[in-house]
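Text of start-v4.txt (compact mmCIF, C-alpha atoms) as supplied:
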# COMPACT_ATOMS: atom_id res chain seq x y z
CA MET A 1 -8.31 3.37 -21.92
CA LEU A 2 -5.83 1.50 -19.72
CA THR A 3 -6.15 -2.19 -18.98
CA VAL A 4 -4.22 -3.92 -16.23
CA LEU A 5 -3.96 -7.71 -16.29
CA ILE A 6 -3.09 -9.24 -12.94
CA ARG A 7 -2.51 -12.96 -12.57
CA TYR A 8 -2.76 -14.02 -8.94
CA LYS A 9 -1.09 -17.33 -8.13
CA GLY A 10 -1.37 -19.31 -4.93
CA LYS A 11 -1.69 -22.81 -3.49
CA ASN A 12 -4.48 -24.97 -2.13
CA GLY A 13 -7.30 -22.95 -3.71
CA ALA A 14 -6.05 -19.61 -2.37
CA ALA A 15 -6.77 -17.72 -5.61
CA GLY A 16 -10.41 -18.81 -5.58
CA LYS A 17 -10.72 -17.92 -1.89
CA PHE A 18 -9.28 -14.48 -2.61
CA VAL A 19 -11.89 -13.84 -5.31
CA SER A 20 -14.70 -15.09 -3.06
CA GLU A 21 -13.61 -12.75 -0.26
CA MET A 22 -13.21 -9.82 -2.65
CA ILE A 23 -16.80 -10.32 -3.77
CA SER A 24 -18.37 -11.12 -0.39
CA SER A 25 -16.64 -8.17 1.31
CA GLY A 26 -18.11 -5.74 -1.22
CA LEU A 27 -14.71 -4.62 -2.48
CA VAL A 28 -15.42 -5.69 -6.06
CA GLU A 29 -18.66 -3.73 -6.14
CA GLN A 30 -16.95 -0.66 -4.66
CA ILE A 31 -14.25 -0.75 -7.33
CA ARG A 32 -16.78 -1.17 -10.13
CA LYS A 33 -18.58 1.97 -8.91
CA GLU A 34 -15.43 4.11 -8.88
CA GLU A 35 -15.32 6.98 -11.33
CA GLY A 36 -13.32 5.91 -14.35
CA ASN A 37 -13.58 2.15 -13.80
CA LEU A 38 -14.66 0.46 -17.03
CA ARG A 39 -14.18 -3.21 -16.16
CA TYR A 40 -13.24 -5.30 -13.16
CA GLU A 41 -13.62 -9.03 -13.77
CA TYR A 42 -11.97 -12.25 -12.65
CA PHE A 43 -11.33 -15.21 -14.96
CA PHE A 44 -10.20 -18.70 -14.03
CA PRO A 45 -7.84 -20.34 -16.56
CA GLU A 46 -9.11 -23.70 -17.75
CA THR A 47 -5.67 -25.31 -17.53
CA GLU A 48 -4.40 -23.91 -14.24
CA ASP A 49 -6.21 -24.54 -10.96
CA GLU A 50 -4.10 -22.34 -8.72
CA SER A 51 -4.46 -18.95 -10.41
CA VAL A 52 -6.97 -16.31 -11.39
CA LEU A 53 -6.73 -13.49 -13.91
CA LEU A 54 -8.07 -10.03 -13.12
CA VAL A 55 -8.95 -7.77 -16.05
CA ASP A 56 -9.08 -4.23 -14.66
CA SER A 57 -9.78 -1.37 -17.11
CA TRP A 58 -9.79 2.37 -16.45
CA ALA A 59 -10.70 5.44 -18.47
CA ASN A 60 -7.21 6.91 -18.02
CA GLN A 61 -4.10 6.91 -15.82
CA GLU A 62 -5.58 9.56 -13.52
CA ALA A 63 -8.53 7.31 -12.66
CA LEU A 64 -6.19 4.42 -11.94
CA ASP A 65 -3.98 6.65 -9.77
CA ARG A 66 -7.02 7.76 -7.74
CA HIS A 67 -8.00 4.12 -7.27
CA HIS A 68 -4.52 3.23 -5.99
CA LYS A 69 -4.73 5.96 -3.33
CA LEU A 70 -8.00 4.72 -1.80
CA PRO A 71 -8.05 3.00 1.62
CA LEU A 72 -9.59 -0.10 0.04
CA MET A 73 -6.23 -0.82 -1.61
CA GLU A 74 -4.82 -1.54 1.85
CA ARG A 75 -7.65 -4.03 2.44
CA ILE A 76 -6.87 -5.73 -0.88
CA LYS A 77 -3.17 -5.90 0.02
CA GLU A 78 -4.02 -7.48 3.39
CA LEU A 79 -6.25 -10.04 1.70
CA ARG A 80 -3.51 -10.92 -0.81
CA GLU A 81 -1.09 -11.46 2.07
CA LYS A 82 -3.65 -13.54 3.98
CA CYS A 83 -4.09 -15.78 0.90
CA ASP A 84 -0.32 -15.79 0.22
CA LEU A 85 -0.81 -14.82 -3.41
CA HIS A 86 1.92 -13.79 -5.81
CA MET A 87 1.27 -11.54 -8.80
CA GLU A 88 2.27 -11.08 -12.40
CA VAL A 89 1.17 -7.68 -13.77
CA GLU A 90 0.90 -6.27 -17.28
CA LYS A 91 -0.53 -2.89 -18.30
CA TYR A 92 -1.81 -1.94 -21.74
CA GLN A 93 -3.06 1.27 -23.28
CA SER A 94 -5.66 1.05 -26.03
CA LEU A 95 -4.45 2.47 -29.31
CA LEU A 96 -7.67 1.86 -31.22
CA ASN A 97 -8.59 4.66 -33.58
CA GLU A 98 -11.50 5.45 -35.89
CA GLY A 99 -10.02 3.34 -38.69
CA ASP A 100 -10.01 0.28 -36.42
CA GLU A 101 -13.71 0.61 -35.67
CA LYS A 102 -14.79 -0.58 -39.12
CA TYR A 103 -13.32 -4.00 -38.27
CA ILE A 104 -15.02 -4.34 -34.88
CA ARG A 105 -18.53 -5.71 -34.59
CA ARG A 106 -20.18 -4.20 -31.52
Please render this file's structure as structure tokens.
Amino acid sequence: MLTVLIRYKGKNGAAGKFVSEMISSGLVEQIRKEEGNLRYEYFFPETEDESVLLVDSWANQEALDRHHKLPLMERIKELREKCDLHMEVEKYQSLLNEGDEKYIRR
């Protein structure tokens, strides 16, 4: 599993507006239905009003690559520009194995 953390930063409530438009336009629902998408959720930090964190998880790199090639990515880029958002991005690969599972309560 791959997880991408994207922190969007803006001014004057732009991050919240971006999330609202992503949801109302149907883009969030489209992404969640993509093959290989495991999680697509926004979180608002309690101590920072002008940012939002996206947690975006995929089954593998191939699924993420397919997602990046879709036309909806251009719509997301346009919306980011419209809201004048800047991004910080981190990507993680899960290294959990069978031995780790005994410590995780599901």
Counting all atoms listed in the file, which of A:Arg80, A:Arg106, A:Lys9, A:Arg75 gets nearest to A:Gly26?
->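 So, comparing all the options, the nearest one is A:Arg75.
By chain and then residue number, the residues within 8 Å of A:Leu2 are Ser57, Trp58, Ala59, Asn60, Gln61, Lys91, Tyr92, Gln93 and Ser94 of chain A, counting only C-alpha atoms and disregarding those fewer than 3 positions away in sequence.
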Option closest in space to A:Gly36, from A:Glu81, A:Asp49, A:Asp56, A:Glu88 [counting only C-alpha atoms] |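 For A:Gly36, the nearest of the candidates is A:Asp56.
Neighbouring residues of A:Leu70 at 12 Å or closer, counting only C-alpha atoms and skipping chain neighbours under 5 positions away, are Leu27, Gln30, Ile31, Glu34, Ala63, Leu64, Asp65, Arg75, Ile76 and Lys77 of chain A.
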May I ask for the distance between atom CA of A:Glu62 and atom CA of A:Leu79, given in Å to one decimal place?
->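 Atom CA of A:Leu79 lies 24.8 Å from atom CA of A:Glu62.
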Taking the point (-2.3, -26.3, -0.7) as given in the file, collect each protein or nucleic acid residue that comes within 12 Å of it, counting all atoms listed in the file, and present the set as an MDAnalysis selection string.
-> chainID A and resid 9:15 17 49:50 83:85
Residues just named, written with C-alpha atoms as a short mmCIF file (atom, residue, chain, number, x, y, z; two decimals), keeping the file's coordinate frame:
data_model
loop_
_atom_site.label_atom_id
_atom_site.label_comp_id
_atom_site.auth_asym_id
_atom_site.auth_seq_id
_atom_site.Cartn_x
_atom_site.Cartn_y
_atom_site.Cartn_z
CA LYS A 9 -1.09 -17.33 -8.13
CA GLY A 10 -1.37 -19.31 -4.93
CA LYS A 11 -1.69 -22.81 -3.49
CA ASN A 12 -4.48 -24.97 -2.13
CA GLY A 13 -7.30 -22.95 -3.71
CA ALA A 14 -6.05 -19.61 -2.37
CA ALA A 15 -6.77 -17.72 -5.61
CA LYS A 17 -10.72 -17.92 -1.89
CA ASP A 49 -6.21 -24.54 -10.96
CA GLU A 50 -4.10 -22.34 -8.72
CA CYS A 83 -4.09 -15.78 0.90
CA ASP A 84 -0.32 -15.79 0.22
CA LEU A 85 -0.81 -14.82 -3.41
#
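Rounded to one decimal, atom CA of A:Leu53 and atom CA of A:Val4 lie 10.2 Å from each other.
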Who sits within 12 Å of A:Leu95, all atoms listed in the file, same chain under 6 positions skipped, as a PyMOL selection string | chain A and resi 1-3+101
For the residues in the current selection, export C-alpha atoms as a short mmCIF file (atom, residue, chain, number, x, y, z; two decimals), in the frame of the given file.
data_model
loop_
_atom_site.label_atom_id
_atom_site.label_comp_id
_atom_site.auth_asym_id
_atom_site.auth_seq_id
_atom_site.Cartn_x
_atom_site.Cartn_y
_atom_site.Cartn_z
CA MET A 1 -8.31 3.37 -21.92
CA LEU A 2 -5.83 1.50 -19.72
CA THR A 3 -6.15 -2.19 -18.98
CA GLU A 101 -13.71 0.61 -35.67
#
Top pick for closest residue to A:Phe18, considering A:Tyr42, A:His67, A:Thr47, A:Leu72 and counting only C-alpha atoms | A:Tyr42
Could you jot down the atom CA of A:Ile23 to atom CA of A:Glu90 separation for me, Å, one decimal place?
-> 22.6 Å
Can you pull out every residue within 6 Å of A:Tyr8, counting only C-alpha atoms, but drop anything in the same chain fewer than 5 positions away, and send it as a ChimeraX atom specification?
-> /A:51-52,85-87
